[in-house]
$ cat protein.csv   # CSV, C-alpha atoms
chain,number,residue,atom,x,y,z
A,71,ALA,CA,149.5,51.1,125.8
A,72,GLU,CA,147.4,52.9,123.2
A,73,ALA,CA,144.7,50.2,123.4
A,74,GLN,CA,144.5,50.6,127.2
A,75,LEU,CA,144.2,54.4,126.8
A,76,ASN,CA,141.4,54.0,124.3
A,77,ARG,CA,139.6,51.6,126.6
A,78,GLU,CA,139.9,54.1,129.5
A,79,LEU,CA,138.7,56.9,127.3
A,80,GLU,CA,135.7,54.9,126.1
A,81,PHE,CA,134.9,54.1,129.8
A,82,ALA,CA,135.3,57.8,130.8
A,83,ILE,CA,133.0,58.9,128.0
A,84,GLY,CA,130.4,56.3,128.3
A,85,GLU,CA,130.1,54.6,131.7
A,86,TYR,CA,132.1,56.5,134.3
A,87,ARG,CA,130.3,58.8,136.7
A,88,ALA,CA,132.3,60.6,139.4
A,89,LYS,CA,131.0,60.0,142.9
A,90,ALA,CA,129.1,63.0,144.2
A,91,ASN,CA,131.0,63.1,147.5
A,92,HIS,CA,129.8,66.7,148.0
A,93,LEU,CA,126.4,65.1,148.9
A,94,GLU,CA,127.7,63.2,151.9
A,95,GLY,CA,127.3,63.9,155.6
A,96,LYS,CA,124.7,66.5,156.4
A,97,TRP,CA,123.9,66.7,152.7
A,98,SER,CA,123.2,63.0,152.3
A,99,GLY,CA,119.4,63.5,151.8
A,100,PHE,CA,120.1,65.5,148.6
A,101,VAL,CA,120.6,64.0,145.2
A,102,GLN,CA,122.5,65.2,142.1
A,103,THR,CA,120.3,66.2,139.3
A,104,ALA,CA,120.7,64.4,136.0
A,105,ASP,CA,120.9,67.7,134.1
A,106,SER,CA,123.4,69.4,136.2
A,107,THR,CA,126.0,69.2,133.5
A,108,VAL,CA,123.8,70.7,130.8
A,109,ILE,CA,125.6,73.6,129.3
A,110,PRO,CA,123.2,76.6,129.0
A,111,GLN,CA,122.8,78.3,125.6
A,112,THR,CA,124.6,81.6,125.9
A,113,GLY,CA,125.7,84.2,123.5
A,114,VAL,CA,124.6,87.6,122.1
A,115,ASP,CA,124.1,88.6,118.5
A,116,VAL,CA,127.1,90.6,117.2
A,117,ALA,CA,124.8,93.4,116.1
A,118,LYS,CA,123.4,93.7,119.6
A,119,LEU,CA,127.0,93.7,121.0
A,120,THR,CA,127.9,96.5,118.5
A,121,GLU,CA,124.9,98.5,119.6
A,122,ILE,CA,125.9,98.1,123.3
A,123,GLY,CA,129.5,98.9,122.7
A,124,VAL,CA,128.6,102.2,120.9
A,125,LYS,CA,126.0,103.1,123.5
A,126,SER,CA,128.4,102.4,126.3
A,127,VAL,CA,130.2,105.6,125.5
A,128,LYS,CA,127.3,107.8,124.4
A,129,VAL,CA,126.5,110.9,126.4
A,130,PRO,CA,123.6,113.3,126.2
A,131,SER,CA,124.0,116.2,123.8
A,132,ASP,CA,124.2,118.8,126.6
A,133,PHE,CA,126.9,116.8,128.4
A,134,LYS,CA,130.5,118.1,128.0
A,135,ILE,CA,133.1,115.4,129.0
A,136,HIS,CA,136.8,115.9,129.3
A,137,SER,CA,138.5,116.1,125.9
A,138,ARG,CA,140.9,113.3,126.6
A,139,ILE,CA,138.1,111.0,127.8
A,140,GLU,CA,136.2,111.9,124.6
A,141,ASN,CA,139.1,111.3,122.3
A,142,LEU,CA,141.0,108.4,124.0
A,143,TYR,CA,138.1,106.6,125.4
A,144,CYS,CA,134.7,107.3,123.8
A,145,GLN,CA,135.7,107.8,120.2
A,146,THR,CA,138.3,105.0,120.2
A,147,ARG,CA,135.9,102.5,121.7
A,148,ALA,CA,133.1,103.4,119.2
A,149,LYS,CA,135.4,103.3,116.2
A,150,ARG,CA,136.8,99.9,117.2
A,151,VAL,CA,133.4,98.4,117.9
A,152,LEU,CA,131.9,99.8,114.6
A,153,ALA,CA,134.9,98.4,112.7
A,154,ASN,CA,134.4,95.0,114.2
A,155,GLU,CA,138.0,95.1,115.5
A,156,PRO,CA,139.2,93.3,118.6
A,157,VAL,CA,138.2,95.1,121.8
A,158,ASP,CA,139.9,95.6,125.1
A,159,TRP,CA,138.9,94.1,128.4
A,160,ALA,CA,136.8,97.1,129.5
A,161,THR,CA,134.9,97.2,126.3
A,162,ALA,CA,134.1,93.5,126.5
A,163,GLU,CA,133.1,93.9,130.1
A,164,ALA,CA,130.7,96.8,129.1
A,165,MET,CA,129.2,94.6,126.3
A,166,ALA,CA,128.7,91.7,128.7
A,167,TRP,CA,127.1,93.9,131.4
A,168,GLY,CA,125.0,95.7,128.8
A,169,SER,CA,123.7,92.5,127.4
A,170,LEU,CA,122.6,91.4,130.9
A,171,LEU,CA,121.0,94.9,131.6
A,172,LEU,CA,119.0,94.7,128.3
A,173,GLU,CA,117.8,91.2,129.4
A,174,GLY,CA,116.4,92.9,132.5
A,175,TYR,CA,119.1,91.8,135.0
A,176,SER,CA,120.7,94.3,137.2
A,177,VAL,CA,124.5,94.3,137.6
A,178,ARG,CA,126.4,95.5,140.7
A,179,ILE,CA,130.1,95.9,141.0
A,180,SER,CA,132.0,96.9,144.1
A,181,GLY,CA,135.5,97.5,145.1
A,182,GLN,CA,138.3,100.0,145.0
A,183,ASP,CA,138.1,102.5,142.2
A,184,VAL,CA,135.7,100.3,140.2
A,185,ALA,CA,133.7,103.1,138.6
A,186,ARG,CA,136.7,104.6,136.8
A,187,GLY,CA,138.8,101.4,136.8
A,188,THR,CA,142.2,101.4,138.5
A,189,PHE,CA,144.0,102.1,135.2
A,190,SER,CA,141.3,104.5,133.9
A,191,GLN,CA,140.0,101.8,131.6
A,192,ARG,CA,136.4,101.5,132.6
A,193,HIS,CA,134.6,104.8,133.2
A,194,CYS,CA,131.2,103.5,134.3
A,195,PHE,CA,130.3,107.1,135.0
A,196,LEU,CA,131.2,110.1,132.9
A,197,THR,CA,131.3,113.5,134.4
A,198,CYS,CA,130.1,116.7,132.7
A,199,GLN,CA,132.9,119.3,132.9
A,200,GLU,CA,130.5,122.2,133.1
A,201,THR,CA,127.9,121.0,135.6
A,202,ASN,CA,129.7,118.1,137.4
A,203,ARG,CA,126.7,116.0,136.7
A,204,GLN,CA,127.4,112.3,136.2
A,205,HIS,CA,126.0,110.0,133.5
A,206,ALA,CA,126.2,106.2,133.3
A,207,PRO,CA,125.8,105.2,129.7
A,208,LEU,CA,125.1,101.6,130.5
A,209,ASN,CA,122.0,102.8,132.4
A,210,ALA,CA,120.7,104.4,129.3
A,211,LEU,CA,120.8,101.5,126.8
A,212,ALA,CA,117.1,100.9,126.3
A,213,ALA,CA,115.2,103.8,124.8
A,214,ASP,CA,112.1,102.8,126.7
A,215,GLY,CA,114.0,102.6,130.0
A,216,LYS,CA,113.1,98.9,130.4
A,217,GLN,CA,116.4,97.4,131.4
A,218,GLY,CA,118.3,96.4,134.5
A,219,LYS,CA,120.4,98.9,136.4
A,220,LEU,CA,124.1,99.1,136.8
A,221,GLU,CA,125.0,99.8,140.4
A,222,VAL,CA,128.5,100.8,141.2
A,223,ALA,CA,129.8,100.8,144.8
A,224,THR,CA,133.3,102.2,144.7
A,225,SER,CA,135.8,103.0,147.4
A,226,LEU,CA,139.0,104.8,147.3
A,227,LEU,CA,142.0,103.1,145.8
A,228,SER,CA,144.4,103.0,148.7
A,229,GLU,CA,147.6,100.9,148.8

$ encode --input "protein.csv" --output "structure tokens"
Amino acid sequence: AEAQLNRELEFAIGEYRAKANHLEGKWSGFVQTADSTVIPQTGVDVAKLTEIGVKSVKVPSDFKIHSRIENLYCQTRAKRVLANEPVDWATAEAMAWGSLLLEGYSVRISGQDVARGTFSQRHCFLTCQETNRQHAPLNALAADGKQGKLEVATSLLSE
């Protein structure tokens, strides 16, 4: 039995090619590219991710955010990122989006309560408590302004 499994494994690794049945019918004139299974090189330098993580909660000096958001969200995220500790989902999400923005890609998210996050975990926009002005830290990552734009289309959370 083990010999049979090893033969099948060798066949699967070497000779076997799954039939591209998605190219049948009205798609029959198309062909599968030889490099369709090439895995692209992805990844971002840890120093760049750290920079993005810290900047994802940075606000202008004249911007007064709610003290709970400052303490529980901004300071906590910055400390964890700078200490190279495991990060939560929202921080990883901000780092991923930020890396795309710095590469010049724009990111758009939409849905119910996506700016804040249903469980108040995301905070794409921070609000000044004195002026009611909003700030999106991920739209201010590049000092020269040469970056993609984070667009947030949020709707009310209604259940």

$ residues_near_point --input "protein.csv" --point "(135.2, 100.5, 118.7)" --cutoff "10 Å" --atoms "all atoms listed in the file" --output "compact mmCIF listing (two decimals) with C-alpha atoms, keeping the file's coordinate frame"
# COMPACT_ATOMS: atom_id res chain seq x y z
CA THR A 120 127.90 96.50 118.50
CA GLY A 123 129.50 98.90 122.70
CA VAL A 124 128.60 102.20 120.90
CA VAL A 127 130.20 105.60 125.50
CA TYR A 143 138.10 106.60 125.40
CA CYS A 144 134.70 107.30 123.80
CA GLN A 145 135.70 107.80 120.20
CA THR A 146 138.30 105.00 120.20
CA ARG A 147 135.90 102.50 121.70
CA ALA A 148 133.10 103.40 119.20
CA LYS A 149 135.40 103.30 116.20
CA ARG A 150 136.80 99.90 117.20
CA VAL A 151 133.40 98.40 117.90
CA LEU A 152 131.90 99.80 114.60
CA ALA A 153 134.90 98.40 112.70
CA ASN A 154 134.40 95.00 114.20
CA GLU A 155 138.00 95.10 115.50
CA PRO A 156 139.20 93.30 118.60
CA VAL A 157 138.20 95.10 121.80
CA ASP A 158 139.90 95.60 125.10
CA THR A 161 134.90 97.20 126.30

$ closest_atom_pairs --input "protein.csv" --of "segment 131-188 of chain A" --to "segment 199-220 of chain A" --cutoff "6 Å" --atoms "all atoms listed in the file" --output "JSON lines"
{"residue": "A:Lys134", "atom": "CA", "partner": "A:Gln199", "partner_atom": "CA", "distance": 5.6}
{"residue": "A:Ile135", "atom": "CA", "partner": "A:Gln199", "partner_atom": "CA", "distance": 5.5}
{"residue": "A:Leu171", "atom": "CA", "partner": "A:Gly218", "partner_atom": "CA", "distance": 4.2}
{"residue": "A:Leu172", "atom": "CA", "partner": "A:Gln217", "partner_atom": "CA", "distance": 4.9}
{"residue": "A:Gly174", "atom": "CA", "partner": "A:Gly218", "partner_atom": "CA", "distance": 4.5}
{"residue": "A:Tyr175", "atom": "CA", "partner": "A:Gly218", "partner_atom": "CA", "distance": 4.7}
{"residue": "A:Ser176", "atom": "CA", "partner": "A:Gly218", "partner_atom": "CA", "distance": 4.2}
{"residue": "A:Val177", "atom": "CA", "partner": "A:Leu220", "partner_atom": "CA", "distance": 4.9}
{"residue": "A:Arg178", "atom": "CA", "partner": "A:Leu220", "partner_atom": "CA", "distance": 5.8}

$ residues_around --input "protein.csv" --residues "Arg87 of chain A" --least-positions-apart "4" --cutoff "12 Å" --atoms "all atoms listed in the file" --output "mmCIF file with C-alpha atoms, in the coordinates of the input"
data_model
loop_
_atom_site.group_PDB
_atom_site.id
_atom_site.type_symbol
_atom_site.label_atom_id
_atom_site.label_comp_id
_atom_site.auth_asym_id
_atom_site.auth_seq_id
_atom_site.Cartn_x
_atom_site.Cartn_y
_atom_site.Cartn_z
ATOM 1 C CA PHE A 81 134.900 54.100 129.800
ATOM 2 C CA ALA A 82 135.300 57.800 130.800
ATOM 3 C CA ILE A 83 133.000 58.900 128.000
ATOM 4 C CA ASN A 91 131.000 63.100 147.500
ATOM 5 C CA GLN A 102 122.500 65.200 142.100
ATOM 6 C CA ALA A 104 120.700 64.400 136.000
ATOM 7 C CA THR A 107 126.000 69.200 133.500
#

$ closest_residue --input "protein.csv" --among "A:Val101, A:Ile122, A:Val129, A:Ala162" --to "Leu196 of chain A" --atoms "only C-alpha atoms"
A:Val129

$ atom_distance --input "protein.csv" --atom1 "atom CA of Arg186 of chain A" --atom2 "atom CA of Pro130 of chain A"
19.0 Å

$ atom_distance --input "protein.csv" --atom1 "atom CA of Lys125 of chain A" --atom2 "atom CA of Gly113 of chain A"
18.9 Å
